[in-house]
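Presented below is the structure to which this report refers.
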Amino acid sequence: MPSAEELLQAEETAWAEFVAEVNRVPEHRRGEEGVVPGWSVNDLVFHNGRWAGVAAEKLAMILDSGSPGEEDPDEVWQGKNQLWAAESKSMLYQEAMSRALADREAAREALRALPEVTDEAASWFKEETFDHYQEHTEEVSRFADSLSVPES
């Protein structure tokens, strides 16, 4: 099982890669849909942040009670994704990023607060932060490529 520091380093690396791809997209085009159907770069920035926020919540529950609680059905998660996508549609890039950074930091702090990183805690952190970032990094990269934006 990875240590908290290993998890935090993996998260930091994945976030930096995600942001590097986001930065390839000109700011005036980050609100355009098309990264994935119906979603813009701004939407994915906010979405990644909100999922890091879910990790923070689950880790806090593990700290408080030893359990992340009941697993929500897929319909609940899909509903949250839709709600967050609707919320982010009115955001400028700076707001989406600011809120994502706050959620990201909450997840990192929640992991640091655990006296021991269990398999369950590591899984929540990994899946909702760096695994998620990597998935969307690829999508943003393809979008930037479609705009003929050079790689940095």
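By order in the structure tokens, chains are A, B, ...; within a chain, residues start at 1; ligands start at 1, following the order shown.
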Using only C-alpha atoms, which residues sit within 12 Å of Gly49 in chain A once same-chain residues fewer than 3 positions away are excluded, as a PyMOL selection string?
chain A and resi 15+18-19+42-46+52-56+81+84-85+88+95-108+128-130+132-133+136
Just write the chosen residues, N, CA and C atoms, as a short mmCIF file (atom, residue, chain, number, x, y, z; two decimals), in the first residue's frame.
```cif
data_model
loop_
_atom_site.label_atom_id
_atom_site.label_comp_id
_atom_site.auth_asym_id
_atom_site.auth_seq_id
_atom_site.Cartn_x
_atom_site.Cartn_y
_atom_site.Cartn_z
N TRP A 15 -1.97 16.29 -11.20
CA TRP A 15 -2.59 17.61 -11.29
C TRP A 15 -1.76 18.52 -12.19
N PHE A 18 -2.40 17.64 -15.74
CA PHE A 18 -3.73 18.10 -16.14
C PHE A 18 -3.71 19.61 -16.43
N VAL A 19 -3.15 20.37 -15.52
CA VAL A 19 -3.11 21.83 -15.68
C VAL A 19 -2.26 22.21 -16.89
N ASN A 42 -13.43 24.32 -18.88
CA ASN A 42 -13.85 24.85 -17.58
C ASN A 42 -14.68 23.83 -16.80
N ASP A 43 -15.59 23.15 -17.52
CA ASP A 43 -16.43 22.14 -16.86
C ASP A 43 -15.57 21.02 -16.28
N LEU A 44 -14.57 20.58 -17.03
CA LEU A 44 -13.72 19.48 -16.54
C LEU A 44 -12.83 19.92 -15.39
N VAL A 45 -12.38 21.16 -15.40
CA VAL A 45 -11.59 21.67 -14.28
C VAL A 45 -12.44 21.62 -13.01
N PHE A 46 -13.64 22.16 -13.09
CA PHE A 46 -14.54 22.17 -11.93
C PHE A 46 -14.90 20.74 -11.52
N ALA A 52 -12.39 15.62 -6.30
CA ALA A 52 -11.41 15.69 -5.21
C ALA A 52 -12.13 16.04 -3.92
N GLY A 53 -13.15 16.89 -4.01
CA GLY A 53 -13.96 17.22 -2.85
C GLY A 53 -14.69 16.01 -2.29
N VAL A 54 -15.15 15.13 -3.18
CA VAL A 54 -15.77 13.88 -2.72
C VAL A 54 -14.74 13.05 -1.95
N ALA A 55 -13.52 12.98 -2.48
CA ALA A 55 -12.47 12.25 -1.76
C ALA A 55 -12.26 12.85 -0.38
N ALA A 56 -12.23 14.17 -0.30
CA ALA A 56 -12.06 14.83 1.01
C ALA A 56 -13.17 14.43 1.97
N ASN A 81 -22.70 14.60 -11.22
CA ASN A 81 -21.95 15.06 -12.40
C ASN A 81 -22.78 16.06 -13.20
N TRP A 84 -23.04 19.40 -11.24
CA TRP A 84 -21.79 20.14 -11.30
C TRP A 84 -21.54 20.71 -12.69
N ALA A 85 -21.90 19.95 -13.72
CA ALA A 85 -21.73 20.45 -15.09
C ALA A 85 -22.62 21.67 -15.31
N SER A 88 -21.09 24.65 -13.45
CA SER A 88 -19.86 25.20 -14.03
C SER A 88 -20.10 25.95 -15.34
N GLU A 95 -12.74 31.15 -11.85
CA GLU A 95 -13.58 30.64 -10.78
C GLU A 95 -13.56 29.12 -10.73
N ALA A 96 -13.68 28.48 -11.90
CA ALA A 96 -13.64 27.02 -11.94
C ALA A 96 -12.33 26.51 -11.35
N MET A 97 -11.22 27.14 -11.72
CA MET A 97 -9.91 26.71 -11.22
C MET A 97 -9.78 27.00 -9.73
N SER A 98 -10.22 28.15 -9.28
CA SER A 98 -10.13 28.50 -7.87
C SER A 98 -10.89 27.49 -7.01
N ARG A 99 -12.07 27.14 -7.45
CA ARG A 99 -12.88 26.19 -6.68
C ARG A 99 -12.27 24.79 -6.75
N ALA A 100 -11.72 24.43 -7.89
CA ALA A 100 -11.05 23.13 -8.02
C ALA A 100 -9.84 23.05 -7.10
N LEU A 101 -9.07 24.13 -7.05
CA LEU A 101 -7.89 24.14 -6.18
C LEU A 101 -8.29 24.00 -4.71
N ALA A 102 -9.38 24.62 -4.32
CA ALA A 102 -9.84 24.50 -2.93
C ALA A 102 -10.26 23.07 -2.61
N ASP A 103 -10.98 22.43 -3.53
CA ASP A 103 -11.39 21.04 -3.32
C ASP A 103 -10.17 20.11 -3.32
N ARG A 104 -9.25 20.38 -4.21
CA ARG A 104 -8.02 19.59 -4.27
C ARG A 104 -7.26 19.69 -2.95
N GLU A 105 -7.11 20.88 -2.44
CA GLU A 105 -6.39 21.06 -1.18
C GLU A 105 -7.13 20.38 -0.03
N ALA A 106 -8.45 20.41 -0.05
CA ALA A 106 -9.23 19.72 0.98
C ALA A 106 -8.95 18.22 0.97
N ALA A 107 -8.85 17.64 -0.22
CA ALA A 107 -8.54 16.21 -0.33
C ALA A 107 -7.15 15.91 0.21
N ARG A 108 -6.19 16.75 -0.13
CA ARG A 108 -4.82 16.55 0.34
C ARG A 108 -4.75 16.67 1.87
N GLU A 128 -10.45 9.29 -6.94
CA GLU A 128 -11.14 10.57 -7.10
C GLU A 128 -10.19 11.74 -7.36
N THR A 129 -8.90 11.50 -7.24
CA THR A 129 -7.94 12.56 -7.57
C THR A 129 -7.13 12.13 -8.78
N PHE A 130 -5.99 11.54 -8.58
CA PHE A 130 -5.07 11.38 -9.71
C PHE A 130 -5.54 10.45 -10.81
N HIS A 132 -8.62 10.17 -11.75
CA HIS A 132 -9.61 11.01 -12.42
C HIS A 132 -8.94 12.10 -13.25
N TYR A 133 -7.92 12.74 -12.68
CA TYR A 133 -7.21 13.79 -13.42
C TYR A 133 -6.63 13.22 -14.71
N HIS A 136 -9.08 12.78 -17.57
CA HIS A 136 -9.47 14.03 -18.22
C HIS A 136 -8.28 14.76 -18.84
#
```
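Counting from CA of Ser123 in chain A, the distance to CA of Thr137 in chain A is 19.7 Å.
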Among range 90-150 of chain A, which residues does DSSP mark as alpha helix (DSSP H) when it is run on the backbone? Keep the chain and numbering as in the structure and answer as a ChimeraX atom specification.
/A:93-113,119-128,130-146
Show me, as a PyMOL selection string, the residues that have an atom within 12 Å of Leu59 in chain A when counting only C-alpha atoms, minus same-chain residues fewer than 2 positions from it.
chain A and resi 52-57+61-69+106-126+128
Could the residues in this selection be written to a file with C-alpha atoms, as a short mmCIF file (atom, residue, chain, number, x, y, z; two decimals), in the first residue's frame?
```cif
data_model
loop_
_atom_site.label_atom_id
_atom_site.label_comp_id
_atom_site.auth_asym_id
_atom_site.auth_seq_id
_atom_site.Cartn_x
_atom_site.Cartn_y
_atom_site.Cartn_z
CA ALA A 52 -11.41 15.69 -5.21
CA GLY A 53 -13.96 17.22 -2.85
CA VAL A 54 -15.77 13.88 -2.72
CA ALA A 55 -12.47 12.25 -1.76
CA ALA A 56 -12.06 14.83 1.01
CA GLU A 57 -15.55 14.05 2.32
CA MET A 61 -15.77 10.13 7.22
CA ILE A 62 -13.05 7.47 7.48
CA LEU A 63 -11.22 9.64 10.02
CA ASP A 64 -14.40 10.24 12.05
CA SER A 65 -16.01 6.80 11.95
CA GLY A 66 -13.59 4.40 10.28
CA SER A 67 -15.85 4.08 7.24
CA PRO A 68 -16.64 6.19 4.16
CA GLY A 69 -20.30 5.32 4.54
CA ALA A 106 -9.23 19.72 0.98
CA ALA A 107 -8.54 16.21 -0.33
CA ARG A 108 -4.82 16.55 0.34
CA GLU A 109 -5.45 17.85 3.86
CA ALA A 110 -7.95 15.06 4.56
CA LEU A 111 -5.38 12.46 3.54
CA ARG A 112 -2.72 14.09 5.71
CA ALA A 113 -5.12 14.06 8.68
CA LEU A 114 -5.45 10.28 8.66
CA PRO A 115 -3.28 8.59 11.29
CA GLU A 116 -3.00 5.59 8.94
CA VAL A 117 -3.73 5.27 5.23
CA THR A 118 -5.88 2.18 4.85
CA ASP A 119 -6.50 0.44 1.53
CA GLU A 120 -9.97 1.98 1.49
CA ALA A 121 -8.68 5.49 2.12
CA ALA A 122 -5.95 5.10 -0.50
CA SER A 123 -8.51 3.86 -3.00
CA TRP A 124 -10.86 6.81 -2.46
CA PHE A 125 -8.00 9.28 -2.75
CA LYS A 126 -6.44 7.65 -5.81
CA GLU A 128 -11.14 10.57 -7.10
#
```
Surrounding residues of Glu27 in chain A excluding itself and chain neighbours under 5 positions, 10 Å, only C-alpha atoms, as JSON, numbers by chain
{"A": [22, 32, 41, 42, 92, 93, 94]}
Please list as a PyMOL selection string every residue within 10 Å of Leu147 in chain A, counting only C-alpha atoms and excluding residues in the same chain fewer than 6 positions away.
chain A and resi 24-26+29+141
Let me see the file: selected residues, C-alpha atoms, as an mmCIF file, in the first residue's frame.
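Once written, part19.cif looks like this:
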```
data_model
loop_
_atom_site.group_PDB
_atom_site.id
_atom_site.type_symbol
_atom_site.label_atom_id
_atom_site.label_comp_id
_atom_site.auth_asym_id
_atom_site.auth_seq_id
_atom_site.Cartn_x
_atom_site.Cartn_y
_atom_site.Cartn_z
ATOM 1 C CA ARG A 24 -2.487 24.544 -23.846
ATOM 2 C CA VAL A 25 -6.074 25.589 -24.562
ATOM 3 C CA PRO A 26 -6.305 29.342 -25.071
ATOM 4 C CA ARG A 29 -11.623 28.800 -25.742
ATOM 5 C CA SER A 141 -4.949 16.971 -24.639
#
```
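Here CA of Arg142 in chain A is placed at a distance of 24.8 Å from CA of Leu83 in chain A.
Minimum atom-to-atom distance to Glu138 in chain A, evaluated using only C-alpha atoms, belongs to A:Val35 out of A:Asn23, A:Val35, A:Glu12, A:Ala86.
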